[in-house]
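Written out below as structure tokens is the structure these notes cover.
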Amino acid sequence: MSNRTLQLHSLSLQEGRTYLFATLFIAGNIILPQLCHLIPEGGLRLLPIYLFTLIGAYKYGANVGMLTAVASPVINSLLFGMPAAAMLPIIVIKSILLALAAAYAAQTTRRATLLTLVAVVAFYQGVGALIEWAATGSFAAATQDIVLGIPGIAIQIFGGWFIINNILKR
């Protein structure tokens with residue numbers, strides 16, 4: 001577990017680097033889901049569309065996170081039909097919640113600990129489930145990501161922690 005302060009960035013929308021990093025994270029959020037969909041129920045269990053949103057927002061700030069959060073599911077839906085158009089609004093909402101929570105946690109703690117990432121993921125999954133429940137009236141549908149997505153949640157927490165602290169540490 002890392003206790004050292006990270007070099008975090010809060011890139012503005014006027015910087016070219018914002019769009020460069022967002023493009024890279026969007027590409028990751030397009031490629032990873034395609035790989036995961038090769039596995040039966042891979043998308044439902046591994047929740048791949050969220051990983052690079054978490055990493056981008058945590059390391060490079062809310063602007064990179066928000067661009068990634070909105071563009072990734074929309075582009076995936078347009079190109080591959082996944083997520084299905086009916087699910088697109090809730091996935092975009094969850095992605096936005098994740099980007100905002102990750103950027104806030106990063107700026108507040110200046111560290112990427114496992115506990116902080118657990119809190120970020122729990123926040124977006126919890127609030128996202130409540131919003132989905134209110135929108136659909138289905139508790140089962142609203143909690144599907146949490147019930148079926150335990151492996152993906154673990155990947156977000158542990159994979160996000162590893163990538164932020166070891167690969168993107170500068």
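Identifiers in this document derive from the order of the structure tokens: chains are assigned A, B, ..., residues are numbered from 1 separately in each chain, and ligands are numbered from 1 in order of occurrence.
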Env of A:Leu8: 12 Å cut, atoms = only C-alpha atoms, seq-sep filter 3 positions within chain, self excluded. Answer as a JSON list (two decimals) with N, CA and C atoms, in the first residue's frame.
[["chain", "number", "residue", "atom", "x", "y", "z"],
["A", 4, "ARG", "N", 3.06, 7.28, -0.08],
["A", 4, "ARG", "CA", 3.77, 8.43, -0.60],
["A", 4, "ARG", "C", 2.83, 9.33, -1.38],
["A", 5, "THR", "N", 3.16, 10.61, -1.40],
["A", 5, "THR", "CA", 2.38, 11.56, -2.15],
["A", 5, "THR", "C", 2.65, 11.35, -3.64],
["A", 11, "LEU", "N", -5.42, 18.93, -15.24],
["A", 11, "LEU", "CA", -5.24, 19.56, -16.54],
["A", 11, "LEU", "C", -6.48, 20.36, -16.93],
["A", 55, "ILE", "N", -8.63, 5.66, -13.67],
["A", 55, "ILE", "CA", -7.20, 5.99, -13.73],
["A", 55, "ILE", "C", -6.99, 7.40, -14.27],
["A", 56, "GLY", "N", -7.67, 7.74, -15.36],
["A", 56, "GLY", "CA", -7.50, 9.06, -15.97],
["A", 56, "GLY", "C", -7.92, 10.19, -15.04],
["A", 57, "ALA", "N", -9.07, 10.02, -14.40],
["A", 57, "ALA", "CA", -9.56, 11.06, -13.49],
["A", 57, "ALA", "C", -8.67, 11.18, -12.26],
["A", 58, "TYR", "N", -8.22, 10.05, -11.73],
["A", 58, "TYR", "CA", -7.39, 10.08, -10.52],
["A", 58, "TYR", "C", -6.05, 10.76, -10.80],
["A", 59, "LYS", "N", -5.42, 10.40, -11.89],
["A", 59, "LYS", "CA", -4.08, 10.89, -12.17],
["A", 59, "LYS", "C", -4.07, 12.27, -12.83],
["A", 60, "TYR", "N", -5.03, 12.52, -13.73],
["A", 60, "TYR", "CA", -4.97, 13.75, -14.53],
["A", 60, "TYR", "C", -6.11, 14.72, -14.29],
["A", 61, "GLY", "N", -7.01, 14.42, -13.37],
["A", 61, "GLY", "CA", -8.03, 15.38, -12.97],
["A", 61, "GLY", "C", -9.39, 15.19, -13.60],
["A", 62, "ALA", "N", -10.29, 16.04, -13.15],
["A", 62, "ALA", "CA", -11.70, 15.92, -13.53],
["A", 62, "ALA", "C", -11.94, 16.12, -15.02],
["A", 102, "ALA", "N", -13.20, 10.10, -8.29],
["A", 102, "ALA", "CA", -11.77, 9.82, -8.39],
["A", 102, "ALA", "C", -10.96, 11.11, -8.37],
["A", 103, "ALA", "N", -11.39, 12.12, -9.14],
["A", 103, "ALA", "CA", -10.66, 13.39, -9.16],
["A", 103, "ALA", "C", -10.70, 14.05, -7.79],
["A", 104, "TYR", "N", -11.84, 14.01, -7.14],
["A", 104, "TYR", "CA", -11.97, 14.60, -5.80],
["A", 104, "TYR", "C", -11.07, 13.88, -4.80],
["A", 105, "ALA", "N", -11.10, 12.56, -4.81],
["A", 105, "ALA", "CA", -10.28, 11.78, -3.87],
["A", 105, "ALA", "C", -8.80, 12.04, -4.09],
["A", 106, "ALA", "N", -8.40, 12.11, -5.35],
["A", 106, "ALA", "CA", -6.99, 12.36, -5.66],
["A", 106, "ALA", "C", -6.55, 13.72, -5.15],
["A", 107, "GLN", "N", -7.35, 14.75, -5.41],
["A", 107, "GLN", "CA", -6.99, 16.10, -4.97],
["A", 107, "GLN", "C", -7.03, 16.24, -3.46],
["A", 108, "THR", "N", -7.92, 15.49, -2.81],
["A", 108, "THR", "CA", -8.06, 15.59, -1.36],
["A", 108, "THR", "C", -6.97, 14.83, -0.63],
["A", 109, "THR", "N", -6.66, 13.62, -1.07],
["A", 109, "THR", "CA", -5.71, 12.77, -0.35],
["A", 109, "THR", "C", -4.28, 12.89, -0.87],
["A", 110, "ARG", "N", -4.13, 13.23, -2.15],
["A", 110, "ARG", "CA", -2.82, 13.29, -2.82],
["A", 110, "ARG", "C", -2.11, 11.93, -2.80],
["A", 111, "ARG", "N", -2.87, 10.87, -2.56],
["A", 111, "ARG", "CA", -2.34, 9.50, -2.54],
["A", 111, "ARG", "C", -3.36, 8.59, -3.20],
["A", 112, "ALA", "N", -2.88, 7.45, -3.68],
["A", 112, "ALA", "CA", -3.77, 6.42, -4.21],
["A", 112, "ALA", "C", -3.59, 5.18, -3.35],
["A", 164, "ILE", "N", -1.80, 3.37, -11.15],
["A", 164, "ILE", "CA", -1.55, 4.75, -10.68],
["A", 164, "ILE", "C", -0.24, 4.83, -9.91],
["A", 165, "ASN", "N", 0.03, 3.87, -9.05],
["A", 165, "ASN", "CA", 1.22, 3.93, -8.20],
["A", 165, "ASN", "C", 2.50, 3.41, -8.81],
["A", 168, "LEU", "N", 2.03, 4.94, -13.72],
["A", 168, "LEU", "CA", 1.85, 6.38, -13.95],
["A", 168, "LEU", "C", 2.34, 7.22, -12.78],
["A", 169, "LYS", "N", 3.33, 6.75, -12.05],
["A", 169, "LYS", "CA", 3.73, 7.43, -10.83],
["A", 169, "LYS", "C", 4.32, 8.81, -11.05],
["A", 170, "ARG", "N", 4.76, 9.14, -12.22],
["A", 170, "ARG", "CA", 5.35, 10.47, -12.47],
["A", 170, "ARG", "C", 4.33, 11.45, -12.97]]
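Among A:Ser95, A:Ser77, A:Ser72, A:Thr53, the residue with the shortest atom-to-atom distance to A:Phe123, counting only C-alpha atoms, is A:Ser95.
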Give the answer as one residue: which of A:Leu115, A:Ala71, A:Ala140, A:Met66 has the shortest atom-to-atom distance to A:Phe158, using only C-alpha atoms? A:Leu115
Students should find that atom CA of A:Glu41 and atom CA of A:Asn29 are spaced 17.0 Å
Can you list every residue in stretch 1-169 of chain A that DSSP puts in helix (DSSP H, G or I), as a CSV table (one decimal) with N, CA and C atoms, in the first residue's frame?
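Saved as result_6.csv:
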chain,number,residue,atom,x,y,z
A,16,GLY,N,-3.5,21.0,-24.6
A,16,GLY,CA,-3.6,19.9,-25.5
A,16,GLY,C,-3.4,18.6,-24.8
A,17,ARG,N,-2.6,18.6,-23.7
A,17,ARG,CA,-2.3,17.3,-23.0
A,17,ARG,C,-3.6,16.7,-22.5
A,18,THR,N,-4.6,17.6,-22.1
A,18,THR,CA,-5.9,17.1,-21.6
A,18,THR,C,-6.5,16.2,-22.7
A,19,TYR,N,-6.6,16.6,-23.9
A,19,TYR,CA,-7.2,15.8,-25.0
A,19,TYR,C,-6.4,14.6,-25.4
A,20,LEU,N,-5.0,14.8,-25.3
A,20,LEU,CA,-4.2,13.6,-25.6
A,20,LEU,C,-4.4,12.5,-24.6
A,21,PHE,N,-4.3,12.8,-23.3
A,21,PHE,CA,-4.6,11.8,-22.3
A,21,PHE,C,-6.0,11.3,-22.3
A,22,ALA,N,-7.0,12.1,-22.5
A,22,ALA,CA,-8.3,11.6,-22.6
A,22,ALA,C,-8.5,10.7,-23.8
A,23,THR,N,-7.9,11.0,-24.9
A,23,THR,CA,-7.9,10.1,-26.1
A,23,THR,C,-7.3,8.7,-25.8
A,24,LEU,N,-6.2,8.7,-25.0
A,24,LEU,CA,-5.5,7.5,-24.7
A,24,LEU,C,-6.4,6.7,-23.7
A,25,PHE,N,-7.0,7.3,-22.7
A,25,PHE,CA,-7.9,6.6,-21.8
A,25,PHE,C,-9.2,6.1,-22.5
A,26,ILE,N,-9.7,6.9,-23.4
A,26,ILE,CA,-10.9,6.5,-24.2
A,26,ILE,C,-10.5,5.3,-25.0
A,27,ALA,N,-9.3,5.3,-25.6
A,27,ALA,CA,-8.9,4.1,-26.4
A,27,ALA,C,-8.8,2.9,-25.5
A,28,GLY,N,-8.3,3.1,-24.3
A,28,GLY,CA,-8.2,1.9,-23.4
A,28,GLY,C,-9.6,1.4,-23.0
A,29,ASN,N,-10.6,2.4,-22.9
A,29,ASN,CA,-12.0,2.0,-22.5
A,29,ASN,C,-12.7,1.5,-23.7
A,30,ILE,N,-12.1,1.5,-24.9
A,30,ILE,CA,-12.7,0.9,-26.1
A,30,ILE,C,-12.1,-0.5,-26.3
A,31,ILE,N,-10.8,-0.6,-26.2
A,31,ILE,CA,-10.1,-1.8,-26.4
A,31,ILE,C,-10.4,-2.9,-25.3
A,32,LEU,N,-10.3,-2.5,-24.1
A,32,LEU,CA,-10.5,-3.4,-23.0
A,32,LEU,C,-11.8,-4.0,-23.0
A,33,PRO,N,-12.9,-3.3,-23.2
A,33,PRO,CA,-14.2,-4.0,-23.3
A,33,PRO,C,-14.3,-4.9,-24.4
A,34,GLN,N,-13.7,-4.6,-25.5
A,34,GLN,CA,-13.8,-5.6,-26.7
A,34,GLN,C,-13.1,-6.9,-26.3
A,35,LEU,N,-12.0,-6.8,-25.6
A,35,LEU,CA,-11.3,-8.0,-25.2
A,35,LEU,C,-12.1,-8.8,-24.1
A,36,CYS,N,-12.7,-8.0,-23.2
A,36,CYS,CA,-13.5,-8.7,-22.2
A,36,CYS,C,-14.8,-9.3,-22.7
A,42,GLY,N,-18.2,-11.5,-20.0
A,42,GLY,CA,-17.1,-10.7,-19.6
A,42,GLY,C,-17.4,-9.2,-19.3
A,43,GLY,N,-18.3,-8.6,-20.0
A,43,GLY,CA,-18.6,-7.2,-19.8
A,43,GLY,C,-19.4,-7.1,-18.5
A,44,LEU,N,-20.3,-8.0,-18.2
A,44,LEU,CA,-21.1,-7.9,-17.0
A,44,LEU,C,-20.2,-8.1,-15.7
A,45,ARG,N,-19.3,-9.0,-15.8
A,45,ARG,CA,-18.5,-9.4,-14.7
A,45,ARG,C,-17.2,-8.6,-14.4
A,46,LEU,N,-16.6,-8.1,-15.5
A,46,LEU,CA,-15.4,-7.4,-15.4
A,46,LEU,C,-15.5,-5.9,-15.5
A,48,PRO,N,-15.4,-3.5,-17.7
A,48,PRO,CA,-14.2,-2.9,-18.2
A,48,PRO,C,-14.3,-1.4,-18.6
A,49,ILE,N,-15.5,-0.9,-18.8
A,49,ILE,CA,-15.6,0.4,-19.3
A,49,ILE,C,-15.3,1.5,-18.3
A,50,TYR,N,-15.1,1.1,-17.1
A,50,TYR,CA,-14.8,2.0,-16.0
A,50,TYR,C,-13.3,2.2,-15.6
A,51,LEU,N,-12.5,1.2,-15.9
A,51,LEU,CA,-11.1,1.2,-15.4
A,51,LEU,C,-10.3,2.4,-15.8
A,52,PHE,N,-10.3,2.7,-17.1
A,52,PHE,CA,-9.5,3.9,-17.6
A,52,PHE,C,-10.1,5.2,-17.2
A,53,THR,N,-11.4,5.3,-17.0
A,53,THR,CA,-12.0,6.5,-16.4
A,53,THR,C,-11.5,6.7,-15.0
A,54,LEU,N,-11.4,5.7,-14.2
A,54,LEU,CA,-10.9,5.8,-12.9
A,54,LEU,C,-9.4,6.3,-12.9
A,55,ILE,N,-8.6,5.7,-13.7
A,55,ILE,CA,-7.2,6.0,-13.7
A,55,ILE,C,-7.0,7.4,-14.3
A,56,GLY,N,-7.7,7.7,-15.4
A,56,GLY,CA,-7.5,9.1,-16.0
A,56,GLY,C,-7.9,10.2,-15.0
A,57,ALA,N,-9.1,10.0,-14.4
A,57,ALA,CA,-9.6,11.1,-13.5
A,57,ALA,C,-8.7,11.2,-12.3
A,58,TYR,N,-8.2,10.1,-11.7
A,58,TYR,CA,-7.4,10.1,-10.5
A,58,TYR,C,-6.1,10.8,-10.8
A,59,LYS,N,-5.4,10.4,-11.9
A,59,LYS,CA,-4.1,10.9,-12.2
A,59,LYS,C,-4.1,12.3,-12.8
A,60,TYR,N,-5.0,12.5,-13.7
A,60,TYR,CA,-5.0,13.7,-14.5
A,60,TYR,C,-6.1,14.7,-14.3
A,62,ALA,N,-10.3,16.0,-13.2
A,62,ALA,CA,-11.7,15.9,-13.5
A,62,ALA,C,-11.9,16.1,-15.0
A,63,ASN,N,-11.2,17.0,-15.7
A,63,ASN,CA,-11.4,17.2,-17.1
A,63,ASN,C,-11.1,16.0,-17.9
A,64,VAL,N,-10.0,15.4,-17.7
A,64,VAL,CA,-9.6,14.2,-18.4
A,64,VAL,C,-10.6,13.1,-18.0
A,65,GLY,N,-11.0,13.0,-16.8
A,65,GLY,CA,-11.9,12.0,-16.3
A,65,GLY,C,-13.3,12.2,-17.0
A,66,MET,N,-13.8,13.4,-17.0
A,66,MET,CA,-15.1,13.6,-17.6
A,66,MET,C,-15.1,13.4,-19.1
A,67,LEU,N,-14.1,13.8,-19.8
A,67,LEU,CA,-14.1,13.5,-21.2
A,67,LEU,C,-14.1,12.0,-21.5
A,68,THR,N,-13.3,11.3,-20.7
A,68,THR,CA,-13.2,9.8,-20.8
A,68,THR,C,-14.6,9.2,-20.4
A,69,ALA,N,-15.1,9.7,-19.3
A,69,ALA,CA,-16.4,9.1,-18.8
A,69,ALA,C,-17.5,9.2,-19.8
A,70,VAL,N,-17.6,10.3,-20.5
A,70,VAL,CA,-18.7,10.5,-21.4
A,70,VAL,C,-18.5,9.9,-22.8
A,71,ALA,N,-17.3,10.1,-23.3
A,71,ALA,CA,-17.0,9.6,-24.6
A,71,ALA,C,-16.9,8.1,-24.7
A,72,SER,N,-16.3,7.5,-23.7
A,72,SER,CA,-16.0,6.0,-23.8
A,72,SER,C,-17.3,5.2,-24.1
A,73,PRO,N,-18.3,5.4,-23.2
A,73,PRO,CA,-19.5,4.5,-23.4
A,73,PRO,C,-20.3,4.9,-24.7
A,74,VAL,N,-20.3,6.2,-25.1
A,74,VAL,CA,-21.0,6.7,-26.3
A,74,VAL,C,-20.3,6.1,-27.5
A,75,ILE,N,-19.0,6.2,-27.6
A,75,ILE,CA,-18.3,5.6,-28.7
A,75,ILE,C,-18.4,4.1,-28.8
A,76,ASN,N,-18.3,3.4,-27.7
A,76,ASN,CA,-18.5,2.0,-27.7
A,76,ASN,C,-19.9,1.6,-28.2
A,77,SER,N,-20.9,2.3,-27.7
A,77,SER,CA,-22.2,2.0,-28.1
A,77,SER,C,-22.4,2.3,-29.6
A,78,LEU,N,-21.9,3.4,-30.1
A,78,LEU,CA,-22.0,3.7,-31.5
A,78,LEU,C,-21.3,2.7,-32.4
A,79,LEU,N,-20.1,2.3,-32.0
A,79,LEU,CA,-19.3,1.4,-32.8
A,79,LEU,C,-19.7,-0.1,-32.7
A,80,PHE,N,-20.0,-0.5,-31.5
A,80,PHE,CA,-20.2,-1.9,-31.2
A,80,PHE,C,-21.5,-2.3,-30.7
A,88,LEU,N,-27.2,3.1,-22.0
A,88,LEU,CA,-26.2,4.1,-22.1
A,88,LEU,C,-26.4,5.3,-21.1
A,89,PRO,N,-27.6,5.8,-20.9
A,89,PRO,CA,-27.7,6.9,-19.9
A,89,PRO,C,-27.2,6.5,-18.5
A,90,ILE,N,-27.5,5.3,-18.0
A,90,ILE,CA,-27.1,5.0,-16.6
A,90,ILE,C,-25.6,4.7,-16.6
A,91,ILE,N,-25.0,4.1,-17.7
A,91,ILE,CA,-23.6,3.9,-17.7
A,91,ILE,C,-22.8,5.2,-17.8
A,92,VAL,N,-23.3,6.2,-18.5
A,92,VAL,CA,-22.7,7.5,-18.6
A,92,VAL,C,-22.8,8.2,-17.2
A,93,ILE,N,-23.9,8.1,-16.5
A,93,ILE,CA,-24.1,8.6,-15.2
A,93,ILE,C,-23.1,8.0,-14.2
A,94,LYS,N,-23.0,6.7,-14.2
A,94,LYS,CA,-22.0,6.0,-13.4
A,94,LYS,C,-20.6,6.4,-13.7
A,95,SER,N,-20.3,6.5,-15.0
A,95,SER,CA,-18.9,7.0,-15.4
A,95,SER,C,-18.6,8.4,-14.9
A,96,ILE,N,-19.6,9.3,-15.0
A,96,ILE,CA,-19.4,10.6,-14.5
A,96,ILE,C,-19.2,10.6,-13.0
A,97,LEU,N,-20.0,9.9,-12.3
A,97,LEU,CA,-19.9,9.8,-10.8
A,97,LEU,C,-18.5,9.3,-10.5
A,98,LEU,N,-18.0,8.3,-11.2
A,98,LEU,CA,-16.7,7.7,-11.0
A,98,LEU,C,-15.6,8.8,-11.2
A,99,ALA,N,-15.7,9.5,-12.4
A,99,ALA,CA,-14.7,10.5,-12.7
A,99,ALA,C,-14.6,11.6,-11.6
A,100,LEU,N,-15.8,12.1,-11.2
A,100,LEU,CA,-15.8,13.1,-10.2
A,100,LEU,C,-15.3,12.6,-8.8
A,101,ALA,N,-15.7,11.4,-8.4
A,101,ALA,CA,-15.2,10.9,-7.2
A,101,ALA,C,-13.7,10.6,-7.2
A,102,ALA,N,-13.2,10.1,-8.3
A,102,ALA,CA,-11.8,9.8,-8.4
A,102,ALA,C,-11.0,11.1,-8.4
A,103,ALA,N,-11.4,12.1,-9.1
A,103,ALA,CA,-10.7,13.4,-9.2
A,103,ALA,C,-10.7,14.1,-7.8
A,104,TYR,N,-11.8,14.0,-7.1
A,104,TYR,CA,-12.0,14.6,-5.8
A,104,TYR,C,-11.1,13.9,-4.8
A,105,ALA,N,-11.1,12.6,-4.8
A,105,ALA,CA,-10.3,11.8,-3.9
A,105,ALA,C,-8.8,12.0,-4.1
A,106,ALA,N,-8.4,12.1,-5.3
A,106,ALA,CA,-7.0,12.4,-5.7
A,106,ALA,C,-6.5,13.7,-5.2
A,107,GLN,N,-7.4,14.7,-5.4
A,107,GLN,CA,-7.0,16.1,-5.0
A,107,GLN,C,-7.0,16.2,-3.5
A,108,THR,N,-7.9,15.5,-2.8
A,108,THR,CA,-8.1,15.6,-1.4
A,108,THR,C,-7.0,14.8,-0.6
A,109,THR,N,-6.7,13.6,-1.1
A,109,THR,CA,-5.7,12.8,-0.3
A,109,THR,C,-4.3,12.9,-0.9
A,114,LEU,N,-5.3,1.7,-1.4
A,114,LEU,CA,-6.4,0.8,-1.7
A,114,LEU,C,-7.7,1.3,-1.0
A,115,LEU,N,-7.6,1.8,0.2
A,115,LEU,CA,-8.8,2.2,0.9
A,115,LEU,C,-9.5,3.4,0.2
A,116,THR,N,-8.7,4.3,-0.3
A,116,THR,CA,-9.2,5.4,-1.1
A,116,THR,C,-9.9,4.9,-2.3
A,117,LEU,N,-9.3,4.0,-3.0
A,117,LEU,CA,-9.9,3.5,-4.2
A,117,LEU,C,-11.2,2.7,-3.9
A,118,VAL,N,-11.2,2.0,-2.8
A,118,VAL,CA,-12.4,1.3,-2.4
A,118,VAL,C,-13.5,2.3,-2.2
A,119,ALA,N,-13.2,3.4,-1.5
A,119,ALA,CA,-14.2,4.4,-1.3
A,119,ALA,C,-14.7,5.0,-2.6
A,120,VAL,N,-13.8,5.3,-3.5
A,120,VAL,CA,-14.2,5.9,-4.8
A,120,VAL,C,-15.2,4.9,-5.5
A,121,VAL,N,-14.8,3.6,-5.6
A,121,VAL,CA,-15.6,2.7,-6.3
A,121,VAL,C,-16.9,2.4,-5.6
A,122,ALA,N,-16.9,2.3,-4.3
A,122,ALA,CA,-18.1,2.2,-3.5
A,122,ALA,C,-19.1,3.4,-3.7
A,123,PHE,N,-18.5,4.6,-3.8
A,123,PHE,CA,-19.4,5.7,-4.0
A,123,PHE,C,-20.1,5.7,-5.4
A,124,TYR,N,-19.3,5.5,-6.4
A,124,TYR,CA,-20.0,5.5,-7.7
A,124,TYR,C,-20.9,4.3,-7.9
A,125,GLN,N,-20.5,3.2,-7.4
A,125,GLN,CA,-21.4,2.0,-7.5
A,125,GLN,C,-22.7,2.2,-6.7
A,126,GLY,N,-22.5,2.7,-5.5
A,126,GLY,CA,-23.7,2.9,-4.6
A,126,GLY,C,-24.6,4.0,-5.1
A,127,VAL,N,-24.1,5.2,-5.4
A,127,VAL,CA,-25.0,6.3,-5.9
A,127,VAL,C,-25.5,5.9,-7.2
A,128,GLY,N,-24.7,5.3,-8.1
A,128,GLY,CA,-25.2,4.9,-9.4
A,128,GLY,C,-26.3,3.9,-9.3
A,129,ALA,N,-26.2,2.9,-8.4
A,129,ALA,CA,-27.3,1.9,-8.2
A,129,ALA,C,-28.5,2.6,-7.7
A,130,LEU,N,-28.4,3.6,-6.8
A,130,LEU,CA,-29.6,4.3,-6.3
A,130,LEU,C,-30.3,5.0,-7.5
A,131,ILE,N,-29.5,5.7,-8.3
A,131,ILE,CA,-30.0,6.4,-9.5
A,131,ILE,C,-30.7,5.4,-10.5
A,132,GLU,N,-30.0,4.3,-10.7
A,132,GLU,CA,-30.6,3.3,-11.6
A,132,GLU,C,-31.9,2.7,-11.1
A,133,TRP,N,-31.9,2.5,-9.8
A,133,TRP,CA,-33.1,2.0,-9.2
A,133,TRP,C,-34.3,3.0,-9.3
A,134,ALA,N,-34.0,4.2,-9.1
A,134,ALA,CA,-35.0,5.3,-9.2
A,134,ALA,C,-35.5,5.4,-10.7
A,135,ALA,N,-34.6,5.2,-11.6
A,135,ALA,CA,-34.9,5.4,-13.0
A,135,ALA,C,-35.7,4.2,-13.6
A,136,THR,N,-35.3,3.0,-13.1
A,136,THR,CA,-35.9,1.8,-13.7
A,136,THR,C,-37.0,1.1,-12.8
A,139,PHE,N,-34.7,-3.0,-8.5
A,139,PHE,CA,-33.6,-3.1,-7.5
A,139,PHE,C,-32.6,-4.1,-8.1
A,140,ALA,N,-33.1,-5.2,-8.7
A,140,ALA,CA,-32.2,-6.3,-9.3
A,140,ALA,C,-31.3,-5.7,-10.4
A,141,ALA,N,-31.9,-4.9,-11.3
A,141,ALA,CA,-31.1,-4.3,-12.4
A,141,ALA,C,-30.1,-3.3,-11.8
A,142,ALA,N,-30.6,-2.5,-10.8
A,142,ALA,CA,-29.7,-1.5,-10.2
A,142,ALA,C,-28.5,-2.1,-9.5
A,143,THR,N,-28.6,-3.3,-8.9
A,143,THR,CA,-27.5,-3.8,-8.2
A,143,THR,C,-26.8,-4.9,-9.0
A,144,GLN,N,-27.1,-5.1,-10.2
A,144,GLN,CA,-26.4,-6.1,-11.1
A,144,GLN,C,-24.9,-5.9,-11.2
A,145,ASP,N,-24.5,-4.6,-11.4
A,145,ASP,CA,-23.0,-4.3,-11.4
A,145,ASP,C,-22.3,-4.8,-10.1
A,146,ILE,N,-23.0,-4.6,-9.0
A,146,ILE,CA,-22.4,-4.9,-7.7
A,146,ILE,C,-22.4,-6.4,-7.5
A,147,VAL,N,-23.5,-7.1,-7.8
A,147,VAL,CA,-23.7,-8.5,-7.6
A,147,VAL,C,-22.8,-9.3,-8.6
A,148,LEU,N,-22.9,-9.0,-9.8
A,148,LEU,CA,-22.2,-9.8,-10.9
A,148,LEU,C,-20.8,-9.3,-11.1
A,150,ILE,N,-18.3,-8.2,-9.1
A,150,ILE,CA,-17.3,-8.3,-8.1
A,150,ILE,C,-15.9,-8.4,-8.7
A,151,PRO,N,-15.7,-9.3,-9.7
A,151,PRO,CA,-14.3,-9.3,-10.3
A,151,PRO,C,-13.9,-8.0,-10.9
A,152,GLY,N,-14.8,-7.3,-11.6
A,152,GLY,CA,-14.5,-6.0,-12.2
A,152,GLY,C,-14.3,-5.0,-11.1
A,153,ILE,N,-15.0,-5.0,-10.1
A,153,ILE,CA,-14.8,-4.0,-9.0
A,153,ILE,C,-13.4,-4.2,-8.4
A,154,ALA,N,-13.0,-5.5,-8.2
A,154,ALA,CA,-11.7,-5.8,-7.7
A,154,ALA,C,-10.6,-5.3,-8.7
A,155,ILE,N,-10.8,-5.5,-10.0
A,155,ILE,CA,-9.9,-5.1,-11.0
A,155,ILE,C,-9.7,-3.6,-10.9
A,156,GLN,N,-10.8,-2.9,-10.8
A,156,GLN,CA,-10.8,-1.4,-10.7
A,156,GLN,C,-10.0,-1.0,-9.5
A,157,ILE,N,-10.2,-1.6,-8.4
A,157,ILE,CA,-9.5,-1.2,-7.1
A,157,ILE,C,-8.0,-1.6,-7.2
A,158,PHE,N,-7.7,-2.9,-7.4
A,158,PHE,CA,-6.4,-3.3,-7.3
A,158,PHE,C,-5.6,-2.9,-8.6
A,159,GLY,N,-6.2,-3.1,-9.8
A,159,GLY,CA,-5.6,-2.7,-11.0
A,159,GLY,C,-5.4,-1.2,-11.1
A,160,GLY,N,-6.4,-0.4,-10.7
A,160,GLY,CA,-6.2,1.1,-10.6
A,160,GLY,C,-5.1,1.5,-9.7
A,161,TRP,N,-5.1,0.9,-8.5
A,161,TRP,CA,-4.0,1.2,-7.5
A,161,TRP,C,-2.7,0.9,-8.1
A,162,PHE,N,-2.5,-0.3,-8.7
A,162,PHE,CA,-1.2,-0.7,-9.3
A,162,PHE,C,-0.8,0.3,-10.4
A,163,ILE,N,-1.7,0.5,-11.3
A,163,ILE,CA,-1.3,1.4,-12.5
A,163,ILE,C,-1.0,2.8,-12.0
A,164,ILE,N,-1.8,3.4,-11.1
A,164,ILE,CA,-1.6,4.7,-10.7
A,164,ILE,C,-0.2,4.8,-9.9
A,165,ASN,N,0.0,3.9,-9.0
A,165,ASN,CA,1.2,3.9,-8.2
A,165,ASN,C,2.5,3.4,-8.8
A,166,ASN,N,2.4,2.6,-9.8
A,166,ASN,CA,3.6,1.9,-10.4
A,166,ASN,C,3.9,2.3,-11.8
A,167,ILE,N,2.8,2.5,-12.6
A,167,ILE,CA,3.1,2.8,-14.0
A,167,ILE,C,3.0,4.3,-14.3
Hey, can you check how far atom CA of A:Ala84 sits from atom CA of A:His37? 13.3 Å
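Reported to one decimal place, the separation of atom CA of A:Leu47 from atom CA of A:Met82 is 11.9 Å.
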